[in-house]
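With mmCIF, C-alpha atoms and all ligand atoms inside, this is input_9.cif:
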data_entry
#
loop_
_atom_site.label_atom_id
_atom_site.label_comp_id
_atom_site.auth_asym_id
_atom_site.auth_seq_id
_atom_site.Cartn_x
_atom_site.Cartn_y
_atom_site.Cartn_z
CA MET Q 1257 201.38 62.76 78.55
CA ALA Q 1258 198.46 64.05 80.61
CA LYS Q 1259 197.31 62.26 83.78
CA LYS Q 1260 196.21 58.68 83.07
CA GLN Q 1261 192.48 58.38 82.54
CA ASN Q 1262 190.15 55.63 83.64
CA TYR Q 1263 187.97 55.52 80.58
CA LYS Q 1264 184.21 54.94 80.69
CA PHE Q 1265 182.50 53.06 77.86
CA CYS Q 1266 179.10 53.12 76.22
CA PHE Q 1267 177.06 52.15 73.19
CA GLY Q 1268 173.48 52.59 71.94
CA PRO Q 1269 170.62 50.10 71.54
CA TRP Q 1270 170.93 50.49 67.74
CA ASN Q 1271 174.43 48.96 67.95
CA ILE Q 1272 172.85 45.58 68.68
CA SER Q 1273 171.44 45.50 65.17
CA GLU Q 1274 169.79 42.70 63.23
CA GLY Q 1275 171.81 42.62 60.03
CA ALA Q 1276 169.43 44.19 57.49
CA ASP Q 1277 171.07 46.05 54.60
CA PRO Q 1278 169.62 47.73 51.49
CA TYR Q 1279 169.85 44.35 49.68
CA GLY Q 1280 168.51 41.93 52.20
CA PRO Q 1281 166.44 41.45 55.33
CA THR Q 1282 167.54 40.92 58.91
CA THR Q 1283 169.72 37.91 59.79
CA ARG Q 1284 169.12 37.98 63.56
CA PRO Q 1285 165.82 38.29 65.44
CA ALA Q 1286 164.94 41.65 67.03
CA GLN Q 1287 165.70 41.91 70.74
CA THR Q 1288 163.84 43.93 73.32
CA PHE Q 1289 165.23 47.05 74.91
CA ASP Q 1290 165.33 45.20 78.26
CA TRP Q 1291 167.52 42.49 76.78
CA LYS Q 1292 169.88 45.13 75.38
CA LEU Q 1293 170.11 46.94 78.69
CA ALA Q 1294 170.82 43.64 80.46
CA GLN Q 1295 173.64 42.86 77.99
CA LEU Q 1296 175.17 46.30 78.49
CA LYS Q 1297 175.18 45.78 82.25
CA LYS Q 1298 176.45 42.19 82.09
CA LEU Q 1299 179.36 43.22 79.88
CA GLY Q 1300 180.36 46.02 82.26
CA PHE Q 1301 179.69 49.07 80.07
CA ASP Q 1302 179.00 52.26 82.01
CA ALA Q 1303 176.36 54.12 80.02
CA MET Q 1304 173.89 53.90 77.20
CA MET Q 1305 173.42 56.37 74.33
CA PHE Q 1306 169.80 57.10 73.42
CA HIS Q 1307 167.83 58.34 70.49
CA ASP Q 1308 164.73 60.14 71.76
CA ASP Q 1309 162.57 57.24 70.52
CA ASP Q 1310 164.87 54.61 72.07
CA ALA Q 1311 163.93 56.28 75.36
CA VAL Q 1312 160.26 56.87 74.47
CA PRO Q 1313 159.16 54.55 71.63
CA ASP Q 1314 156.61 55.88 69.15
CA ILE Q 1315 157.33 59.39 70.40
CA ASP Q 1316 155.45 61.25 67.64
CA ALA Q 1317 152.16 59.67 68.72
CA LYS Q 1318 152.56 60.74 72.36
CA SER Q 1319 151.68 63.89 74.30
CA GLU Q 1320 154.31 65.94 76.11
CA ALA Q 1321 152.94 64.67 79.44
CA GLN Q 1322 153.15 61.04 78.29
CA ILE Q 1323 156.71 61.55 77.00
CA ARG Q 1324 157.79 62.95 80.36
CA LYS Q 1325 156.06 60.12 82.23
CA GLU Q 1326 157.81 57.42 80.18
CA ALA Q 1327 161.15 59.20 80.43
CA LYS Q 1328 160.80 59.27 84.22
CA GLU Q 1329 160.04 55.54 84.28
CA LEU Q 1330 163.13 54.87 82.19
CA ARG Q 1331 165.25 57.04 84.50
CA LYS Q 1332 164.11 54.94 87.45
CA ARG Q 1333 165.12 51.74 85.67
CA LEU Q 1334 168.50 53.14 84.67
CA ASP Q 1335 169.17 54.32 88.22
CA GLY Q 1336 168.16 50.88 89.50
CA GLU Q 1337 170.70 49.25 87.18
CA GLY Q 1338 173.41 51.85 87.87
CA ILE Q 1339 173.54 52.77 84.16
CA ALA Q 1340 173.92 56.40 83.08
CA ALA Q 1341 172.45 57.98 79.95
CA GLU Q 1342 175.37 59.44 78.01
CA MET Q 1343 173.30 61.55 75.63
CA VAL Q 1344 169.97 61.81 73.85
CA ALA Q 1345 169.73 62.45 70.09
CA PRO Q 1346 166.57 63.39 68.16
CA ARG Q 1347 166.08 60.73 65.48
CA LEU Q 1348 164.96 63.22 62.86
CA TRP Q 1349 165.62 61.10 59.81
CA PHE Q 1350 162.81 58.50 60.12
CA SER Q 1351 159.67 60.59 60.00
CA PRO Q 1352 157.70 61.23 56.79
CA MET Q 1353 157.94 64.89 57.88
CA THR Q 1354 161.71 64.98 57.27
CA ILE Q 1355 161.96 63.38 53.83
CA ASP Q 1356 163.53 66.59 52.52
CA GLY Q 1357 165.42 67.40 55.73
CA GLY Q 1358 164.39 68.70 59.15
CA TYR Q 1359 165.83 72.06 60.16
CA THR Q 1360 166.77 72.85 56.54
CA SER Q 1361 163.66 71.51 54.80
CA ASN Q 1362 162.07 73.77 52.22
CA ASP Q 1363 158.72 73.10 53.93
CA PRO Q 1364 158.09 75.31 57.01
CA LYS Q 1365 155.86 72.60 58.55
CA ALA Q 1366 158.74 70.12 58.41
CA ARG Q 1367 161.08 72.67 59.98
CA ARG Q 1368 158.61 73.24 62.80
CA TYR Q 1369 158.28 69.49 63.34
CA ALA Q 1370 162.08 69.12 63.56
CA ILE Q 1371 162.38 71.86 66.16
CA ASP Q 1372 159.41 70.66 68.24
CA ARG Q 1373 160.80 67.15 68.27
CA SER Q 1374 164.24 68.45 69.27
CA LEU Q 1375 162.71 70.31 72.22
CA ARG Q 1376 161.00 67.08 73.35
CA CYS Q 1377 164.37 65.36 73.06
CA ILE Q 1378 165.88 68.00 75.36
CA ASP Q 1379 163.07 67.38 77.89
CA ILE Q 1380 163.91 63.66 77.82
CA ALA Q 1381 167.63 64.33 78.27
CA LYS Q 1382 166.93 66.48 81.30
CA ILE Q 1383 164.83 63.71 82.87
CA LEU Q 1384 167.44 61.06 82.08
CA GLY Q 1385 170.08 63.20 83.82
CA THR Q 1386 172.31 64.16 80.91
CA ASP Q 1387 173.03 67.66 79.60
CA LEU Q 1388 174.33 66.33 76.27
CA ILE Q 1389 172.25 66.43 73.09
CA VAL Q 1390 173.82 64.83 70.01
CA LEU Q 1391 172.82 66.08 66.57
CA TRP Q 1392 173.66 63.84 63.66
CA LEU Q 1393 172.32 66.12 60.90
CA ALA Q 1394 171.39 63.16 58.73
CA ARG Q 1395 169.05 64.76 56.21
CA GLU Q 1396 170.35 68.33 56.45
CA GLY Q 1397 171.85 68.35 52.98
CA THR Q 1398 170.86 67.94 49.38
CA TYR Q 1399 170.48 65.33 46.69
CA LEU Q 1400 171.07 68.10 44.17
CA ARG Q 1401 172.56 71.58 44.43
CA GLU Q 1402 169.65 73.42 42.86
CA ALA Q 1403 167.18 72.17 45.50
CA LYS Q 1404 168.34 74.32 48.44
CA SER Q 1405 170.53 77.28 49.27
CA GLY Q 1406 173.67 76.41 51.22
CA LYS Q 1407 173.82 79.81 52.94
CA ARG Q 1408 170.15 79.75 53.93
CA SER Q 1409 170.55 76.19 55.20
CA VAL Q 1410 173.40 77.22 57.49
CA GLU Q 1411 171.31 80.12 58.77
CA LEU Q 1412 168.37 77.79 59.41
CA LEU Q 1413 170.67 75.41 61.29
CA ALA Q 1414 171.94 78.26 63.49
CA GLN Q 1415 168.34 79.37 64.20
CA ALA Q 1416 167.37 75.82 65.15
CA LEU Q 1417 170.37 75.54 67.49
CA ASP Q 1418 169.43 78.86 69.13
CA LYS Q 1419 165.88 77.61 69.79
CA MET Q 1420 167.23 74.44 71.39
CA LEU Q 1421 169.76 76.30 73.54
CA ALA Q 1422 167.05 78.72 74.70
CA HIS Q 1423 164.72 75.85 75.66
CA ASP Q 1424 167.04 74.69 78.45
CA LYS Q 1425 169.91 76.85 79.68
CA ARG Q 1426 172.02 73.90 80.81
CA ILE Q 1427 172.11 71.68 77.75
CA ARG Q 1428 175.11 71.34 75.47
CA ILE Q 1429 174.79 70.28 71.85
CA ALA Q 1430 177.43 68.07 70.22
CA ILE Q 1431 177.17 68.08 66.43
CA GLU Q 1432 178.11 64.76 64.83
CA PRO Q 1433 179.28 65.63 61.32
CA LYS Q 1434 179.19 63.22 58.40
CA PRO Q 1435 179.93 64.18 54.79
CA ASN Q 1436 177.37 62.01 52.98
CA GLU Q 1437 174.87 59.17 53.41
CA PRO Q 1438 171.93 59.37 53.51
CA MET Q 1439 172.29 62.61 51.51
CA ASP Q 1440 174.58 63.14 48.55
CA HIS Q 1441 176.16 66.08 50.38
CA ALA Q 1442 175.66 67.17 53.97
CA TYR Q 1443 175.82 70.85 54.93
CA ILE Q 1444 177.96 70.11 58.01
CA PRO Q 1445 180.42 67.48 56.73
CA THR Q 1446 183.39 67.91 59.11
CA ILE Q 1447 184.38 69.03 62.59
CA GLY Q 1448 185.64 72.30 61.14
CA HIS Q 1449 182.16 73.01 59.77
CA ALA Q 1450 180.53 72.02 63.08
CA LEU Q 1451 182.75 74.33 65.12
CA ALA Q 1452 182.32 77.17 62.63
CA LEU Q 1453 178.54 76.76 62.87
CA ALA Q 1454 178.87 77.04 66.67
CA GLN Q 1455 180.17 80.58 66.15
CA LEU Q 1456 176.86 81.64 64.57
CA VAL Q 1457 174.73 80.86 67.63
CA ARG Q 1458 174.05 83.19 70.55
CA ASP Q 1459 175.92 80.99 73.06
CA PRO Q 1460 178.79 79.35 71.13
CA LYS Q 1461 180.23 77.82 74.33
CA ARG Q 1462 177.35 75.34 74.39
CA VAL Q 1463 177.81 73.95 70.88
CA GLY Q 1464 180.61 71.42 70.41
CA ALA Q 1465 181.32 68.24 68.52
CA LEU Q 1466 181.20 64.48 68.42
CA ILE Q 1467 183.75 62.75 66.20
CA GLU Q 1468 183.06 59.43 64.53
CA THR Q 1469 186.05 57.60 63.04
CA ALA Q 1470 184.15 56.35 59.97
CA HIS Q 1471 182.73 59.79 59.18
CA CYS Q 1472 186.23 61.36 59.18
CA ILE Q 1473 187.50 58.68 56.82
CA LEU Q 1474 184.49 59.20 54.52
CA ALA Q 1475 185.45 62.90 54.41
CA GLY Q 1476 189.02 61.94 53.46
CA LEU Q 1477 190.33 63.19 56.81
CA ASP Q 1478 192.48 61.63 59.51
CA PRO Q 1479 190.40 60.78 62.61
CA ALA Q 1480 193.29 61.45 65.03
CA ASP Q 1481 193.79 64.93 63.55
CA GLU Q 1482 190.07 65.62 63.78
CA ILE Q 1483 190.16 64.57 67.46
CA GLU Q 1484 193.09 66.90 68.15
CA PHE Q 1485 191.42 69.73 66.21
CA ALA Q 1486 188.24 69.54 68.31
CA MET Q 1487 190.27 69.17 71.52
CA ALA Q 1488 192.28 72.30 70.66
CA PHE Q 1489 188.94 74.15 71.04
CA GLY Q 1490 187.95 72.18 74.19
CA LYS Q 1491 184.97 70.95 72.19
CA LEU Q 1492 185.27 67.18 71.90
CA TRP Q 1493 182.31 66.22 74.06
CA SER Q 1494 181.68 62.73 72.72
CA LEU Q 1495 183.16 60.20 70.38
CA HIS Q 1496 182.02 57.33 68.16
CA LEU Q 1497 184.94 55.00 67.66
CA ASN Q 1498 184.63 52.45 64.85
CA ASP Q 1499 186.40 51.71 61.56
CA GLN Q 1500 185.85 52.08 57.84
CA ASN Q 1501 187.48 50.52 54.80
CA GLY Q 1502 187.90 53.43 52.40
CA LEU Q 1503 185.34 55.59 50.67
CA LYS Q 1504 182.23 53.41 50.71
CA PHE Q 1505 178.94 53.33 52.54
CA ASP Q 1506 179.25 53.90 56.30
CA GLN Q 1507 180.53 50.53 57.53
CA ASP Q 1508 180.68 51.00 61.33
CA LYS Q 1509 183.23 48.17 61.62
CA PRO Q 1510 184.73 47.20 65.00
CA PHE Q 1511 187.30 49.70 66.25
CA GLY Q 1512 190.73 48.95 64.73
CA SER Q 1513 189.30 46.40 62.30
CA THR Q 1514 190.68 48.05 59.16
CA ASN Q 1515 193.55 50.28 60.21
CA LEU Q 1516 195.25 49.45 63.48
CA ARG Q 1517 197.80 52.23 63.17
CA SER Q 1518 195.09 54.84 62.68
CA ALA Q 1519 193.23 53.39 65.69
CA PHE Q 1520 196.46 53.63 67.73
CA ASN Q 1521 196.83 57.29 66.76
CA GLN Q 1522 193.22 58.01 67.73
CA VAL Q 1523 193.76 56.46 71.18
CA ARG Q 1524 197.06 58.32 71.56
CA ALA Q 1525 195.38 61.62 70.62
CA LEU Q 1526 192.68 61.04 73.25
CA GLU Q 1527 195.14 59.98 75.93
CA ARG Q 1528 197.66 62.75 75.45
CA ASN Q 1529 195.00 65.46 75.43
CA GLY Q 1530 193.14 64.20 78.51
CA TYR Q 1531 189.88 63.03 76.90
CA GLY Q 1532 187.55 61.80 79.62
CA SER Q 1533 188.81 64.18 82.30
CA ARG Q 1534 185.49 66.06 82.19
CA GLY Q 1535 183.40 62.91 82.26
CA GLU Q 1536 183.35 62.25 78.49
CA TYR Q 1537 182.69 58.66 77.44
CA ILE Q 1538 184.29 56.38 74.86
CA CYS Q 1539 181.33 55.29 72.72
CA PHE Q 1540 181.43 52.59 70.09
CA ASP Q 1541 179.11 53.21 67.13
CA VAL Q 1542 179.76 49.76 65.65
CA HIS Q 1543 177.53 47.09 64.12
CA PRO Q 1544 177.91 43.31 63.93
CA PHE Q 1545 178.75 41.96 60.49
CA ARG Q 1546 175.63 40.75 58.68
CA SER Q 1547 177.06 37.24 58.92
CA THR Q 1548 177.31 37.33 62.73
CA LYS Q 1549 175.45 34.52 64.51
CA VAL Q 1550 173.15 35.23 67.43
CA GLU Q 1551 175.57 33.62 69.90
CA HIS Q 1552 178.30 36.12 68.87
CA TRP Q 1553 176.00 39.11 68.80
CA MET Q 1554 177.83 41.29 71.33
CA ASP Q 1555 181.37 40.52 70.16
CA HIS Q 1556 181.79 43.62 67.98
CA LEU Q 1557 181.27 45.73 71.14
CA THR Q 1558 183.44 43.78 73.55
CA ASN Q 1559 186.13 43.39 70.87
CA SER Q 1560 186.12 47.15 70.20
CA ARG Q 1561 186.62 47.84 73.91
CA ARG Q 1562 189.35 45.19 74.13
CA THR Q 1563 191.17 46.70 71.13
CA PHE Q 1564 190.83 50.17 72.66
CA LEU Q 1565 192.38 48.98 75.93
CA ARG Q 1566 195.20 47.09 74.16
CA LEU Q 1567 195.97 50.22 72.12
CA LEU Q 1568 195.84 52.31 75.28
CA GLU Q 1569 198.68 50.17 76.64
CA LYS Q 1570 200.53 50.80 73.38
CA ALA Q 1571 199.96 54.56 73.71
CA ARG Q 1572 201.17 54.49 77.32
CA THR Q 1573 204.29 52.50 76.53
CA PHE Q 1574 205.23 54.40 73.38
CA ASP Q 1575 208.80 55.62 73.94
CA GLU Q 1576 208.08 59.36 73.87
CA ALA Q 1577 211.71 60.28 74.68
CA ALA Q 1578 213.06 58.21 71.79
CA ALA Q 1579 210.37 59.62 69.51
CA GLY Q 1580 211.28 63.15 70.64
CA LYS Q 1581 214.93 62.59 69.69
CA LEU Q 1582 213.97 61.31 66.24
CA ILE Q 1583 211.64 64.28 65.74
CA ALA Q 1584 214.39 66.73 66.75
CA ASP Q 1585 216.71 65.04 64.26
CA ARG Q 1586 213.94 65.09 61.58
CA ASP Q 1587 214.49 61.34 61.21
CA TYR Q 1588 210.87 60.54 60.37
CA GLN Q 1589 212.01 57.43 58.53
CA ALA Q 1590 213.15 55.94 61.85
CA LEU Q 1591 210.07 57.33 63.65
CA ASP Q 1592 207.86 55.53 61.14
CA GLN Q 1593 209.64 52.22 61.72
CA MET Q 1594 209.69 52.72 65.48
CA SER Q 1595 205.91 53.23 65.45
CA ILE Q 1596 205.38 50.10 63.32
CA GLU Q 1597 207.60 47.94 65.52
CA HIS Q 1598 205.96 49.24 68.67
CA LEU Q 1599 202.59 48.12 67.29
CA LEU Q 1600 204.00 44.76 66.15
CA GLY Q 1601 205.40 44.04 69.62
CA LYS Q 1602 208.31 41.76 70.32
C1 LIG M 1 175.21 57.33 61.42
C2 LIG M 1 175.48 57.89 62.74
C3 LIG M 1 174.47 57.46 63.79
C4 LIG M 1 174.49 58.41 64.95
C5 LIG M 1 173.39 58.12 65.94
C6 LIG M 1 173.34 59.15 67.04
O1 LIG M 1 176.00 57.35 60.52
O2 LIG M 1 176.77 57.57 63.13
O3 LIG M 1 174.73 56.15 64.22
O4 LIG M 1 175.70 58.36 65.62
O5 LIG M 1 172.17 58.10 65.27
O6 LIG M 1 172.74 60.30 66.61
MG MG M 2 177.71 57.87 65.01
#
If you convert what's in this file into structure tokens, what do you get?
Ligand code: GLO
Ligand code: MG
Amino acid sequence: MAKKQNYKFCFGPWNISEGADPYGPTTRPAQTFDWKLAQLKKLGFDAMMFHDDDAVPDIDAKSEAQIRKEAKELRKRLDGEGIAAEMVAPRLWFSPMTIDGGYTSNDPKARRYAIDRSLRCIDIAKILGTDLIVLWLAREGTYLREAKSGKRSVELLAQALDKMLAHDKRIRIAIEPKPNEPMDHAYIPTIGHALALAQLVRDPKRVGALIETAHCILAGLDPADEIEFAMAFGKLWSLHLNDQNGLKFDQDKPFGSTNLRSAFNQVRALERNGYGSRGEYICFDVHPFRSTKVEHWMDHLTNSRRTFLRLLEKARTFDEAAAGKLIADRDYQALDQMSIEHLLGK
């Protein structure tokens, strides 16, 4: 095992959500950003993740100068609270301009909008003191094959990444792949695709990945293997831990809620490969159940952290020597049972 890490934790304002789903309205009242920041601090999390318009609301209606001014004010507040900004992500999937995608839209005006907005997002990140831009490529895909060209879309994505990298020489871009939802098919569905896309840009060192547990499961892949794959390239720059019950809509359940053994293997993969040693955070992209009452509103976040820390103990106390002997003897039957009993405890 690598040196033991002291992990740092974060979440985003959207993770304190109000319970709306496609079939029904909210079940909890909206809270202000200030309230969310206060909760984060009170619960002892270290950083907040931001969409560009979490940092500067109504961003499309504001001038560059106004965006910078508001970002600076936010930076002051974050510094005052001792809260870091983990990353900033352009929320490209809300605007009427990106109905058919942003960087890969068939409409050149929409593509220009997506790039301009991404450059503003980079300006905000710089002011908030983070070099990490997260790109969840939500609408970069198709509802039907005939509508776009896959090859051209990948080329457009690479061009967009190059423009962002050229805008600020210090930023790094972590692509957050997801195979579907909102689109039928996304062009960058897995970590393999994300890291292959990085090879098409002029400075591949500055394009890496963010792994989300639920997105791996939706792609039919094992999250722990995806973590190890990205770490083999030194490119796991952020992480959205959560859980997912099979191939459904993106559930963003509390970490470990569905598959404790998979969660254990994700923690073990992070721990044994030294995740966090370059300042990376453990982020929870989880949502409360729709049925959650206001007084239990933060529990999905504190429970996810608690489960992570309990599983960390399990990873640290896993009998590696005994496991090694079983592996050498190819006794995977016993290794399976040993892993189960370790998780079950005494
Ligand atoms: C949705 C994504 C989303 C992103 C966030 C940051 O499925 O997981 O929550 O992580 O918008 O870009
Ligand atoms: Mg996510």
Could you pull out the residues sitting within 6 Å of ligand LIG 1 (chain M), using only C-alpha atoms and all ligand atoms, and write them as a list in words?
->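 Every residue with an atom at most 6 Å from ligand LIG 1 (chain M) is listed here: Ala1345, Val1390, Leu1391 and Trp1392 of chain Q.
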Between atom CA of Phe1540 of chain Q and atom CA of Arg1561 of chain Q, what is the spacing in Å?
-> 8.0 Å
Val1550 of chain Q environment, 12 Å, all atoms listed in the file, sequence neighbours closer than 6 positions dropped, as a PyMOL selection string | chain Q and resi 1272-1275+1282-1287+1544
Rounded to one decimal place, report the atom CA of Ile1429 of chain Q-atom CA of Ser1518 of chain Q distance in Å.
-> 27.1 Å
Which is closer to ligand MG 2 (chain M) than all the others in Q:Pro1510, Q:Gly1268, Q:Pro1364, Q:Gly1476, using only C-alpha atoms and all ligand atoms?
-> Q:Gly1268
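If all atoms listed in the file are the atoms counted, then among Q:Met1353, Q:Val1523, Q:Val1457, Q:Ala1465 the closest residue to ligand MG 2 (chain M) is Q:Ala1465.
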Suppose you want the space between atom CA of Arg1401 of chain Q and atom CA of Glu1482 of chain Q; what is it in Å?
->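 These atoms are spaced 26.8 Å apart.
The nearest approach to ligand MG 2 (chain M) among the residues Q:Ile1315, Q:Ala1450, Q:Phe1267, Q:Tyr1369, with all atoms listed in the file taken into account, belongs to Q:Phe1267.
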Which residues of chain Q come within 7 Å of ligand MG 2 (chain M), and what is each one's closest atom pair and distance in Å (one decimal), counting all atoms listed in the file, sorted by chain and residue number, as CSV?
residue,atom,partner,partner_atom,distance
Q:Glu1432,CA,M:MG2,MG,6.9
Q:Glu1468,CA,M:MG2,MG,5.6
Q:His1496,CA,M:MG2,MG,5.4
Q:Asp1541,CA,M:MG2,MG,5.3
If I put a ball of radius 9 Å at (185.8, 57.3, 68.2) in the file's coordinates, which residues poke into it when counting all atoms listed in the file, written as a ChimeraX atom specification?
-> /Q:1466-1470,1479,1483,1494-1499,1511,1519,1522-1523,1538-1541
What are the nearest atom pairs, with distances in Å to one decimal, for all residues of segment 1411-1528 of chain Q that come at most 8 Å from segment 1358-1363 of chain Q, using only C-alpha atoms, set out by chain and rising residue number as CSV?
residue,atom,partner,partner_atom,distance
Q:Leu1412,CA,Q:Thr1360,CA,5.9
Q:Leu1413,CA,Q:Tyr1359,CA,6.0
Q:Ala1416,CA,Q:Tyr1359,CA,6.4
Put a box with edges along x, y and z around all the listed atoms of segment 1581-1598 of chain Q, pad it by 5 Å on each side, then give me its centre and sizes in Å, one decimal, as JSON.
{"center_x": 211.0, "center_y": 57.3, "center_z": 64.1, "size_x": 21.3, "size_y": 28.8, "size_z": 21.2}
Pick the closest to Lys1264 of chain Q from Q:Phe1505, Q:Phe1485, Q:Tyr1537, Q:Tyr1588: which is it, counting all atoms listed in the file?
->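 The answer is Q:Tyr1537, which sits nearest to Lys1264 of chain Q.
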Which neighbours of Arg1572 of chain Q fall inside 12 Å, counting only C-alpha atoms, when residues of the same chain fewer than 5 positions from it are skipped, and could you give them as a tab-separated table (two decimals) with C-alpha atoms, keeping the file's coordinate frame?
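And here's part13.tsv as it stands now:
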chain	number	residue	atom	x	y	z
Q	1257	MET	CA	201.38	62.76	78.55
Q	1258	ALA	CA	198.46	64.05	80.61
Q	1259	LYS	CA	197.31	62.26	83.78
Q	1260	LYS	CA	196.21	58.68	83.07
Q	1261	GLN	CA	192.48	58.38	82.54
Q	1520	PHE	CA	196.46	53.63	67.73
Q	1521	ASN	CA	196.83	57.29	66.76
Q	1523	VAL	CA	193.76	56.46	71.18
Q	1524	ARG	CA	197.06	58.32	71.56
Q	1525	ALA	CA	195.38	61.62	70.62
Q	1526	LEU	CA	192.68	61.04	73.25
Q	1527	GLU	CA	195.14	59.98	75.93
Q	1528	ARG	CA	197.66	62.75	75.45
Q	1565	LEU	CA	192.38	48.98	75.93
Q	1566	ARG	CA	195.20	47.09	74.16
Q	1567	LEU	CA	195.97	50.22	72.12
Q	1598	HIS	CA	205.96	49.24	68.67
Q	1599	LEU	CA	202.59	48.12	67.29
Selection: 8 Å around Thr1514 of chain Q, only C-alpha atoms, excl. self and same-chain fewer than 3 positions, as a ChimeraX atom specification | /Q:1499-1501,1509
Please identify all polymer residues within 9 Å of segment 1324-1341 of chain Q, counting all atoms listed in the file, omitting same-chain residues fewer than 3 positions from it, and present them as a short mmCIF file (atom, residue, chain, number, x, y, z; two decimals) with C-alpha atoms, keeping the file's coordinate frame.
data_model
loop_
_atom_site.label_atom_id
_atom_site.label_comp_id
_atom_site.auth_asym_id
_atom_site.auth_seq_id
_atom_site.Cartn_x
_atom_site.Cartn_y
_atom_site.Cartn_z
CA LEU Q 1293 170.11 46.94 78.69
CA ALA Q 1294 170.82 43.64 80.46
CA LEU Q 1296 175.17 46.30 78.49
CA LYS Q 1297 175.18 45.78 82.25
CA PHE Q 1301 179.69 49.07 80.07
CA ASP Q 1302 179.00 52.26 82.01
CA ALA Q 1303 176.36 54.12 80.02
CA MET Q 1304 173.89 53.90 77.20
CA MET Q 1305 173.42 56.37 74.33
CA PHE Q 1306 169.80 57.10 73.42
CA ALA Q 1311 163.93 56.28 75.36
CA VAL Q 1312 160.26 56.87 74.47
CA SER Q 1319 151.68 63.89 74.30
CA GLU Q 1320 154.31 65.94 76.11
CA ALA Q 1321 152.94 64.67 79.44
CA VAL Q 1344 169.97 61.81 73.85
CA ARG Q 1376 161.00 67.08 73.35
CA ASP Q 1379 163.07 67.38 77.89
CA ILE Q 1380 163.91 63.66 77.82
CA ALA Q 1381 167.63 64.33 78.27
CA ILE Q 1383 164.83 63.71 82.87
CA LEU Q 1384 167.44 61.06 82.08
CA GLY Q 1385 170.08 63.20 83.82
CA THR Q 1386 172.31 64.16 80.91
#
Write out as a list in words each polymer residue whose atoms come within 10 Å of Met1594 of chain Q, counting only C-alpha atoms; drop sequence neighbours fewer than 5 positions from it.
-> Phe1574, Asp1575, Ala1578, Ala1579, Leu1582, Tyr1588, Gln1589, Leu1599 and Leu1600 of chain Q
Can I get the selected residues back with C-alpha atoms, as a PDB file, keeping the file's coordinate frame?
ATOM      1  CA  PHE Q1574     205.230  54.400  73.380  1.00  0.00           C
ATOM      2  CA  ASP Q1575     208.800  55.620  73.940  1.00  0.00           C
ATOM      3  CA  ALA Q1578     213.060  58.210  71.790  1.00  0.00           C
ATOM      4  CA  ALA Q1579     210.370  59.620  69.510  1.00  0.00           C
ATOM      5  CA  LEU Q1582     213.970  61.310  66.240  1.00  0.00           C
ATOM      6  CA  TYR Q1588     210.870  60.540  60.370  1.00  0.00           C
ATOM      7  CA  GLN Q1589     212.010  57.430  58.530  1.00  0.00           C
ATOM      8  CA  LEU Q1599     202.590  48.120  67.290  1.00  0.00           C
ATOM      9  CA  LEU Q1600     204.000  44.760  66.150  1.00  0.00           C
TER      10      LEU Q1600
END
